[in-house]
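Q: Structure file structure-v3.txt, compact mmCIF, C-alpha atoms, is pasted below:
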# COMPACT_ATOMS: atom_id res chain seq x y z
CA MET A 1 -1.47 14.88 -31.40
CA ASN A 2 -0.16 11.94 -29.36
CA LYS A 3 3.44 12.79 -30.28
CA LEU A 4 2.92 16.37 -29.15
CA ARG A 5 1.29 15.21 -25.92
CA ASN A 6 4.19 12.84 -25.18
CA LEU A 7 6.73 15.57 -25.93
CA ILE A 8 5.02 17.99 -23.52
CA ARG A 9 4.86 15.27 -20.86
CA ARG A 10 8.58 14.48 -21.19
CA PHE A 11 9.47 18.16 -21.01
CA TRP A 12 7.30 18.58 -17.89
CA MET A 13 8.81 15.60 -16.10
CA LEU A 14 12.34 16.61 -17.04
CA PHE A 15 12.14 20.14 -15.65
CA VAL A 16 9.37 19.97 -13.06
CA GLY A 17 8.20 16.48 -12.16
CA GLU A 18 11.35 15.24 -10.43
CA ARG A 19 11.42 18.25 -8.11
CA GLU A 20 7.77 18.51 -7.24
CA ARG A 21 7.87 16.98 -3.74
CA ASN A 22 8.96 20.32 -2.28
CA ASP A 23 7.70 22.44 -5.15
CA TYR A 24 4.26 23.38 -3.86
CA VAL A 25 3.65 25.85 -6.69
CA THR A 26 3.86 23.00 -9.18
CA GLN A 27 1.53 20.86 -7.08
CA TYR A 28 -1.09 23.58 -6.82
CA VAL A 29 -0.88 24.26 -10.56
CA LYS A 30 -1.67 20.58 -11.11
CA PHE A 31 -4.44 20.81 -8.52
CA ALA A 32 -6.00 23.77 -10.34
CA TRP A 33 -5.89 21.79 -13.57
CA ALA A 34 -7.52 18.81 -11.84
CA LEU A 35 -10.33 20.97 -10.44
CA VAL A 36 -11.49 21.38 -14.03
CA PHE A 37 -10.60 18.01 -15.54
CA GLY A 38 -10.16 15.60 -12.63
CA ARG A 39 -13.46 15.48 -10.78
CA GLY A 40 -14.99 12.43 -12.42
CA THR A 41 -13.86 8.81 -12.38
CA TYR A 42 -11.41 7.13 -14.71
CA ILE A 43 -13.18 3.80 -14.92
CA ARG A 44 -13.10 2.51 -18.50
CA GLN A 45 -15.06 -0.71 -18.14
CA SER A 46 -16.55 -2.96 -15.47
CA TRP A 47 -17.50 -6.62 -15.16
CA GLY A 48 -19.67 -8.29 -12.54
CA LYS A 49 -22.18 -6.68 -10.21
CA LEU A 50 -21.82 -4.15 -7.45
CA PRO A 51 -22.10 -6.11 -4.18
CA SER A 52 -25.24 -5.39 -2.20
CA ALA A 53 -24.54 -3.84 1.19
CA LYS A 54 -27.33 -5.96 2.68
CA LYS A 55 -25.51 -9.19 1.86
CA HIS A 56 -21.90 -8.05 1.72
CA LYS A 57 -20.98 -6.07 4.82
CA HIS A 58 -17.21 -6.41 4.52
CA ILE A 59 -15.69 -5.06 1.32
CA ALA A 60 -12.09 -5.10 0.11
CA ILE A 61 -11.03 -2.82 -2.73
CA PHE A 62 -7.87 -4.29 -4.24
CA VAL A 63 -5.80 -2.14 -6.60
CA HIS A 64 -3.55 -3.76 -9.21
CA TYR A 65 -1.08 -2.64 -11.84
CA ASP A 66 0.96 -4.55 -14.39
CA ALA A 67 2.43 -3.09 -17.56
CA GLN A 68 1.09 -6.02 -19.61
CA GLY A 69 -2.11 -6.38 -17.63
CA TYR A 70 -1.11 -9.76 -16.22
CA VAL A 71 -2.72 -10.95 -12.99
CA HIS A 72 0.15 -12.91 -11.47
CA ASP A 73 -0.21 -15.88 -9.14
CA TYR A 74 0.82 -13.88 -6.07
CA VAL A 75 -2.05 -11.46 -6.77
CA LEU A 76 -4.56 -14.30 -7.02
CA THR A 77 -3.28 -15.72 -3.73
CA TYR A 78 -3.73 -12.32 -2.07
CA VAL A 79 -7.28 -11.98 -3.40
CA LYS A 80 -8.17 -15.52 -2.30
CA ALA A 81 -6.86 -14.72 1.19
CA LEU A 82 -9.11 -11.67 1.38
CA ARG A 83 -12.10 -13.88 0.48
CA GLU A 84 -11.09 -16.45 3.07
CA ALA A 85 -11.03 -13.64 5.63
CA GLY A 86 -14.68 -12.87 4.82
CA ARG A 87 -14.16 -9.94 2.44
CA THR A 88 -16.09 -9.37 -0.77
CA VAL A 89 -13.50 -8.18 -3.28
CA ILE A 90 -13.76 -5.40 -5.81
CA PHE A 91 -10.71 -5.67 -8.08
CA ILE A 92 -9.45 -2.49 -9.76
CA THR A 93 -6.64 -2.54 -12.29
CA ASN A 94 -4.76 0.55 -13.47
CA SER A 95 -2.99 -1.46 -16.18
CA PRO A 96 -2.76 0.04 -19.68
CA LYS A 97 -4.20 -3.20 -21.10
CA PHE A 98 -6.36 -5.89 -19.55
CA PRO A 99 -6.67 -9.06 -21.68
CA GLN A 100 -9.75 -11.26 -21.42
CA SER A 101 -7.57 -14.17 -20.35
CA GLU A 102 -6.54 -12.21 -17.24
CA ARG A 103 -10.09 -11.09 -16.46
CA LYS A 104 -11.24 -14.72 -16.47
CA LYS A 105 -8.84 -15.50 -13.62
CA LEU A 106 -10.84 -13.15 -11.40
CA GLN A 107 -14.40 -14.17 -12.27
CA SER A 108 -14.87 -16.61 -9.41
CA LEU A 109 -12.90 -14.52 -6.90
CA CYS A 110 -14.26 -11.00 -7.25
CA ALA A 111 -17.76 -9.60 -7.11
CA GLN A 112 -16.78 -6.84 -9.50
CA THR A 113 -13.75 -6.05 -11.65
CA LEU A 114 -13.02 -2.50 -12.79
CA TRP A 115 -10.51 -1.39 -15.42
CA ARG A 116 -9.49 2.25 -15.19
CA LYS A 117 -6.97 4.68 -16.60
CA ASN A 118 -3.82 4.93 -14.51
CA LYS A 119 -4.61 8.34 -13.05
CA GLY A 120 -4.08 9.46 -9.47
CA TYR A 121 -2.02 6.44 -8.41
CA ASP A 122 -3.48 4.01 -5.85
CA PHE A 123 -5.48 6.67 -4.04
CA GLY A 124 -7.15 7.63 -7.31
CA ALA A 125 -8.20 4.00 -7.75
CA TYR A 126 -9.34 3.78 -4.13
CA ALA A 127 -11.47 6.88 -4.70
CA ASP A 128 -13.07 5.50 -7.87
CA GLY A 129 -13.84 2.24 -6.08
CA LEU A 130 -15.40 4.00 -3.09
CA LYS A 131 -17.47 6.24 -5.36
CA THR A 132 -18.78 3.10 -7.06
CA LEU A 133 -19.98 1.72 -3.70
CA GLY A 134 -22.22 4.72 -3.06
CA ASP A 135 -23.39 4.97 0.55
CA LEU A 136 -20.31 3.94 2.52
CA SER A 137 -22.18 3.91 5.82
CA ALA A 138 -24.13 0.85 4.64
CA TYR A 139 -21.04 -1.33 5.08
CA SER A 140 -19.44 -2.62 8.29
CA THR A 141 -15.83 -2.46 7.08
CA ILE A 142 -14.03 -1.44 3.91
CA THR A 143 -10.45 -2.49 3.27
CA LEU A 144 -8.25 -0.58 0.83
CA CYS A 145 -5.24 -2.58 -0.29
CA ASN A 146 -2.94 -3.03 -3.29
CA ASP A 147 -0.47 -5.37 -4.94
CA SER A 148 2.67 -3.65 -3.59
CA ALA A 149 3.35 -6.54 -1.21
CA TYR A 150 3.78 -10.30 -1.46
CA GLY A 151 1.64 -12.43 0.79
CA PRO A 152 -0.20 -12.87 2.99
CA LEU A 153 2.29 -15.11 4.75
CA PHE A 154 -0.24 -15.75 7.53
CA PRO A 155 -4.08 -15.83 7.50
CA LEU A 156 -5.58 -12.37 7.18
CA ALA A 157 -8.37 -13.40 9.53
CA ASP A 158 -5.81 -13.25 12.35
CA VAL A 159 -4.92 -9.69 11.38
CA TYR A 160 -8.54 -8.57 11.15
CA LYS A 161 -9.14 -9.91 14.67
CA LYS A 162 -6.57 -7.42 15.95
CA MET A 163 -8.41 -4.52 14.28
CA ASP A 164 -10.95 -4.01 17.04
CA PRO A 165 -13.54 -1.29 16.23
CA ASP A 166 -13.83 -0.55 19.97
CA VAL A 167 -10.14 0.39 20.01
CA SER A 168 -9.83 2.29 16.74
CA ASP A 169 -12.07 3.45 13.88
CA ILE A 170 -9.32 3.19 11.26
CA TRP A 171 -6.57 0.60 11.14
CA GLY A 172 -3.41 0.18 9.12
CA LEU A 173 -0.78 -2.51 9.33
CA THR A 174 2.14 -0.13 9.80
CA ASP A 175 2.58 3.57 10.47
CA SER A 176 5.13 6.19 9.50
CA TRP A 177 6.46 9.41 11.03
CA ASP A 178 7.76 10.75 7.71
CA THR A 179 6.61 14.41 7.53
CA ALA A 180 3.75 13.69 9.98
CA HIS A 181 2.37 10.60 11.65
CA HIS A 182 0.14 8.56 9.36
CA LEU A 183 -0.83 5.01 8.47
CA GLN A 184 0.88 3.53 5.44
CA SER A 185 -1.70 3.19 2.72
CA TYR A 186 -1.02 -0.25 1.20
CA PHE A 187 -3.50 -1.82 3.66
CA LEU A 188 -6.14 0.27 5.42
CA VAL A 189 -9.32 -0.84 7.17
CA PHE A 190 -12.21 1.51 7.95
CA HIS A 191 -14.88 0.56 10.47
CA LYS A 192 -18.48 1.79 10.67
CA ALA A 193 -17.65 4.89 12.72
CA ALA A 194 -15.32 6.14 9.98
CA LEU A 195 -17.51 5.03 7.06
CA SER A 196 -20.52 6.90 8.40
CA HIS A 197 -18.64 10.09 9.31
CA PRO A 198 -19.39 13.09 7.03
CA THR A 199 -15.74 14.12 6.88
CA PHE A 200 -14.71 10.71 5.59
CA GLN A 201 -17.58 10.46 3.12
CA ASN A 202 -17.02 13.96 1.71
CA ARG A 203 -13.32 13.29 1.23
CA TRP A 204 -14.02 10.50 -1.23
CA GLN A 205 -17.16 11.82 -2.89
CA ASN A 206 -15.40 15.10 -3.69
CA TYR A 207 -12.08 13.49 -4.60
CA VAL A 208 -10.06 15.33 -7.25
CA HIS A 209 -7.58 13.31 -9.31
CA VAL A 210 -4.43 15.45 -9.15
CA PRO A 211 -1.64 14.10 -11.42
CA SER A 212 1.08 14.49 -8.80
CA LYS A 213 2.52 11.71 -6.65
CA SER A 214 3.75 14.27 -4.12
CA TRP A 215 0.26 15.75 -3.86
CA VAL A 216 -1.26 12.32 -3.33
CA ILE A 217 1.21 11.52 -0.54
CA ARG A 218 0.86 14.91 1.16
CA LYS A 219 -2.88 15.44 0.80
CA HIS A 220 -4.17 11.89 0.91
CA GLU A 221 -1.83 9.40 2.60
CA ILE A 222 -0.65 11.96 5.17
CA GLY A 223 -3.65 14.27 4.84
CA LEU A 224 -6.11 11.48 5.56
CA ALA A 225 -4.57 11.04 9.00
CA ALA A 226 -4.77 14.75 9.75
CA GLU A 227 -8.39 15.06 8.59
CA THR A 228 -9.68 12.03 10.46
CA ARG A 229 -7.83 13.02 13.62
CA LYS A 230 -9.38 16.50 13.44
CA ALA A 231 -12.80 14.87 12.96
CA GLY A 232 -12.32 12.91 16.18
CA LEU A 233 -11.80 9.53 14.52
CA ARG A 234 -9.22 7.17 15.99
CA ALA A 235 -6.47 5.65 13.84
CA GLN A 236 -3.99 2.98 14.87
CA ALA A 237 -1.43 0.56 13.40
CA VAL A 238 -1.40 -3.14 14.18
CA PHE A 239 2.41 -3.10 14.05
CA PRO A 240 3.33 0.39 15.29
CA TYR A 241 6.67 2.05 14.65
CA ARG A 242 7.46 2.45 18.35
CA ASP A 243 7.15 -1.32 18.94
CA LEU A 244 9.58 -2.13 16.12
CA LEU A 245 12.11 0.46 17.21
CA GLY A 246 11.78 -0.70 20.83
CA ASP A 247 12.38 -4.28 19.76
CA PHE A 248 15.53 -3.19 17.93
CA PHE A 249 17.02 -1.55 21.01
CA ASP A 250 16.00 -4.44 23.25
CA ARG A 251 18.05 -6.73 21.02
CA MET A 252 20.94 -4.44 20.17
CA GLY A 253 21.34 -2.41 23.36
CA ASP A 254 23.43 0.69 22.78
CA ALA A 255 25.68 1.51 19.85
CA SER A 256 28.64 -0.29 21.44
CA ILE A 257 27.71 -3.32 19.36
CA LEU A 258 29.25 -1.47 16.41
CA ASP A 259 32.69 -2.09 17.98
CA ASP A 260 32.25 -5.86 17.75
CA GLU A 261 35.11 -7.08 15.53
CA ASP A 262 33.08 -10.12 14.42
CA LEU A 263 30.41 -7.90 12.91
CA ARG A 264 30.37 -8.04 9.12
CA PRO A 265 30.94 -4.66 7.41
CA THR A 266 27.52 -4.69 5.72
CA HIS A 267 25.77 -5.37 9.03
CA ARG A 268 27.88 -2.74 10.81
CA ASN A 269 26.92 -0.13 8.21
CA PHE A 270 23.27 -1.10 8.45
CA LEU A 271 23.18 -0.96 12.26
CA ALA A 272 25.05 2.33 12.25
CA GLN A 273 22.42 3.74 9.92
CA VAL A 274 19.59 2.64 12.22
CA PHE A 275 21.32 4.06 15.30
CA ALA A 276 22.00 7.35 13.49
CA HIS A 277 18.37 7.70 12.40
CA ALA A 278 17.10 6.90 15.90
CA GLU A 279 19.54 9.35 17.50
CA SER A 280 18.54 12.18 15.18
CA GLY A 281 14.83 11.34 15.27
CA THR A 282 14.73 10.68 11.52
CA PRO A 283 11.93 8.19 10.81
CA LEU A 284 12.63 4.79 9.31
CA ASN A 285 10.39 2.76 7.04
CA VAL A 286 9.67 -0.27 9.24
CA THR A 287 8.57 -2.43 6.31
CA HIS A 288 12.14 -2.09 5.02
CA PHE A 289 14.47 -1.82 7.99
CA PHE A 290 12.65 -4.33 10.19
CA TRP A 291 11.11 -6.53 7.50
CA ASP A 292 12.47 -9.77 9.00
CA ARG A 293 11.52 -9.03 12.63
CA LEU A 294 8.06 -7.99 11.51
CA ILE A 295 7.55 -11.43 10.00
CA VAL A 296 9.37 -13.66 12.49
CA LYS A 297 8.43 -12.05 15.80
CA PHE A 298 5.31 -10.00 15.16
CA GLY A 299 3.46 -12.13 12.60
CA TYR A 300 3.33 -9.39 9.97
CA PRO A 301 1.76 -11.00 6.88
CA PHE A 302 3.65 -9.34 4.02
CA ILE A 303 6.99 -8.56 2.47
CA LYS A 304 7.06 -5.44 0.31
CA LYS A 305 7.79 -6.00 -3.37
CA GLU A 306 10.18 -3.06 -3.62
CA ILE A 307 12.51 -4.66 -1.07
CA LEU A 308 13.10 -7.76 -3.17
CA GLN A 309 13.00 -5.94 -6.50
CA GLY A 310 15.50 -3.20 -5.67
CA ASN A 311 16.55 -3.26 -2.01
CA PRO A 312 16.50 0.57 -1.85
CA SER A 313 17.55 0.61 1.83
CA ALA A 314 20.60 -1.61 1.19
CA LEU A 315 19.42 -4.27 3.66
CA PRO A 316 22.11 -6.85 4.50
CA SER A 317 21.59 -10.61 4.00
CA LEU A 318 18.39 -10.02 2.04
CA TYR A 319 19.21 -13.14 0.01
CA LEU A 320 18.00 -15.14 3.03
CA TRP A 321 14.42 -13.94 2.60
CA GLU A 322 13.13 -17.20 1.12
CA SER A 323 14.53 -19.48 3.81
CA LEU A 324 13.23 -17.12 6.50
CA VAL A 325 9.70 -17.15 5.06
CA ASN A 326 9.73 -20.92 4.56
CA LYS A 327 10.66 -21.48 8.21
CA CYS A 328 7.70 -19.58 9.64
CA SER A 329 5.02 -19.67 6.94
CA ASP A 330 3.24 -22.09 4.60
CA TYR A 331 3.22 -19.45 1.86
CA ASP A 332 4.44 -20.78 -1.49
CA THR A 333 7.54 -18.64 -2.09
CA ARG A 334 7.71 -19.93 -5.66
CA GLU A 335 4.99 -17.40 -6.48
CA ILE A 336 7.37 -14.63 -5.41
CA THR A 337 10.41 -15.99 -7.27
CA LYS A 338 8.26 -16.54 -10.35
CA HIS A 339 7.12 -12.92 -10.31
CA LEU A 340 10.66 -11.65 -9.67
CA GLU A 341 11.96 -13.71 -12.58
CA PHE A 342 9.24 -12.28 -14.80
CA THR A 343 9.69 -8.63 -13.81
CA MET A 344 13.48 -8.62 -13.37
CA ARG A 345 14.67 -10.56 -16.39
CA GLY A 346 18.40 -10.09 -16.92
CA ARG A 347 19.13 -9.19 -13.31
CA PHE A 348 20.89 -11.49 -10.84
CA MET A 349 18.88 -12.35 -7.72
Let's see the structure in the file written out as structure tokens.
A:
Amino acid sequence: MNKLRNLIRRFWMLFVGERERNDYVTQYVKFAWALVFGRGTYIRQSWGKLPSAKKHKHIAIFVHYDAQGYVHDYVLTYVKALREAGRTVIFITNSPKFPQSERKKLQSLCAQTLWRKNKGYDFGAYADGLKTLGDLSAYSTITLCNDSAYGPLFPLADVYKKMDPDVSDIWGLTDSWDTAHHLQSYFLVFHKAALSHPTFQNRWQNYVHVPSKSWVIRKHEIGLAAETRKAGLRAQAVFPYRDLLGDFFDRMGDASILDDEDLRPTHRNFLAQVFAHAESGTPLNVTHFFWDRLIVKFGYPFIKKEILQGNPSALPSLYLWESLVNKCSDYDTREITKHLEFTMRGRFM
């Protein structure tokens, strides 16, 4: 049966899965399937106790994945930083295995640890965690975050201070204009006004685990912004796209810099790409293209894992990341290099 299931899955991904971002028929077929089979939770096992809303007003739901179930040092540092910022942590792992030795690392750091099947990506785990909490309005803030970034490079308490509930009901660290304006979902904070709103509560209580990454992005990461905006809730980024793009043009001026003969070819190509995107109105991922300015000038507390693991945006001089972080942060970069060495064995860094 397992062999047949794996064969069907490979066939599906080969002919359908890779094209599904713009294939809405495929997405709705998966949605119809999920309406029947994806309404519950995928939690396999739990350890610890659900934190009482009377004593624990500020919750952080941290989502983790590792193919071997390892809880690496950089993850422990992240979780400790959440605790130091006054958050009670619920740790959720989507890993296929979760050894007892790894669970023990979390006992003193997390109120509750949940092990679930890897269904629905990070939003599926967020949903299962929120369903576990019950009445969301009983809490003052809930943070949804995951292990897709290294850090924090600076105290999270400083970031939380910038997330004023009088200014916005929902906060993210960065925003994106890809498809439609939305907050990037690797770190989201919801204040009381959002947690007690029926639209927000219904979204999570009625969550359907659709096995489609494109669906999750379109209906949840982007769709969350549309729904909350329609409900009258305010959403804002601590490090907004417009500020990063404005900073770029303040430093670079116009595209005449591309004619500078001293400019290295890799930097010229990179700058030309940024100018071309800005000119055409094509959105950029600020966590990639402005990763260094975010850290050095704006005090952004993370560096995304995918940048160092694969550099998908072909960022120039990325090899300088460690010296840059060491100059402005006390973060132990050895935790990053250790994880990179573990996950990228056989590849030159």
Q: With a cut-off of 9 Å, could you pull out the residues of range 103-154 of chain A touching range 216-222 of chain A and give me the nearest pair of atoms for each, distance in Å to one decimal, using only C-alpha atoms, ordered by chain and ascending number, as JSON lines?
A:
{"residue": "A:Gly120", "atom": "CA", "partner": "A:Val216", "partner_atom": "CA", "distance": 7.3}
{"residue": "A:Tyr121", "atom": "CA", "partner": "A:Val216", "partner_atom": "CA", "distance": 7.8}
{"residue": "A:Asp122", "atom": "CA", "partner": "A:Val216", "partner_atom": "CA", "distance": 9.0}
{"residue": "A:Phe123", "atom": "CA", "partner": "A:Val216", "partner_atom": "CA", "distance": 7.1}
{"residue": "A:Gly124", "atom": "CA", "partner": "A:Val216", "partner_atom": "CA", "distance": 8.5}
Q: Would you compute the distance between CA of Thr333 in chain A and CA of Asp66 in chain A? Give it in Å to one decimal.
A: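 So the two atoms, CA of Thr333 in chain A and CA of Asp66 in chain A, lie 19.8 Å apart.
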Q: Considering only C-alpha atoms, give me a table of residues in range 131-188 of chain A that are at most 9 Å from range 192-211 of chain A, with the closest atom pair and distance in Å for each, as CSV.
A:
residue,atom,partner,partner_atom,distance
A:Lys131,CA,A:Gln205,CA,6.1
A:Gly134,CA,A:Gln205,CA,8.7
A:Asp135,CA,A:Gln201,CA,8.4
A:Leu136,CA,A:Leu195,CA,5.4
A:Ser137,CA,A:Ser196,CA,4.3
A:Ala138,CA,A:Ser196,CA,8.0
A:Tyr139,CA,A:Lys192,CA,6.9
A:Ser140,CA,A:Lys192,CA,5.1
A:Thr141,CA,A:Lys192,CA,6.2
A:Ile142,CA,A:Leu195,CA,8.0
A:Pro165,CA,A:Lys192,CA,8.1
A:Asp169,CA,A:Ala194,CA,5.7
A:Ile170,CA,A:Ala194,CA,6.8
Q: Work out how far CA of Ala127 in chain A is from CA of Pro51 in chain A, in Å to one decimal.
A: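 Calculated distance between CA of Pro51 in chain A and CA of Ala127 in chain A is 16.8 Å.
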Q: To one decimal in Å, tell me the separation between CA of Thr132 in chain A and CA of Arg229 in chain A.
A: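 Going from CA of Thr132 in chain A over to CA of Arg229 in chain A, I get 25.4 Å.
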Q: Here is a test: counting only C-alpha atoms, which residue of A:Trp321, A:Glu261, A:Phe289, A:Asn311 is nearest to His277 in chain A?
A: A:Phe289
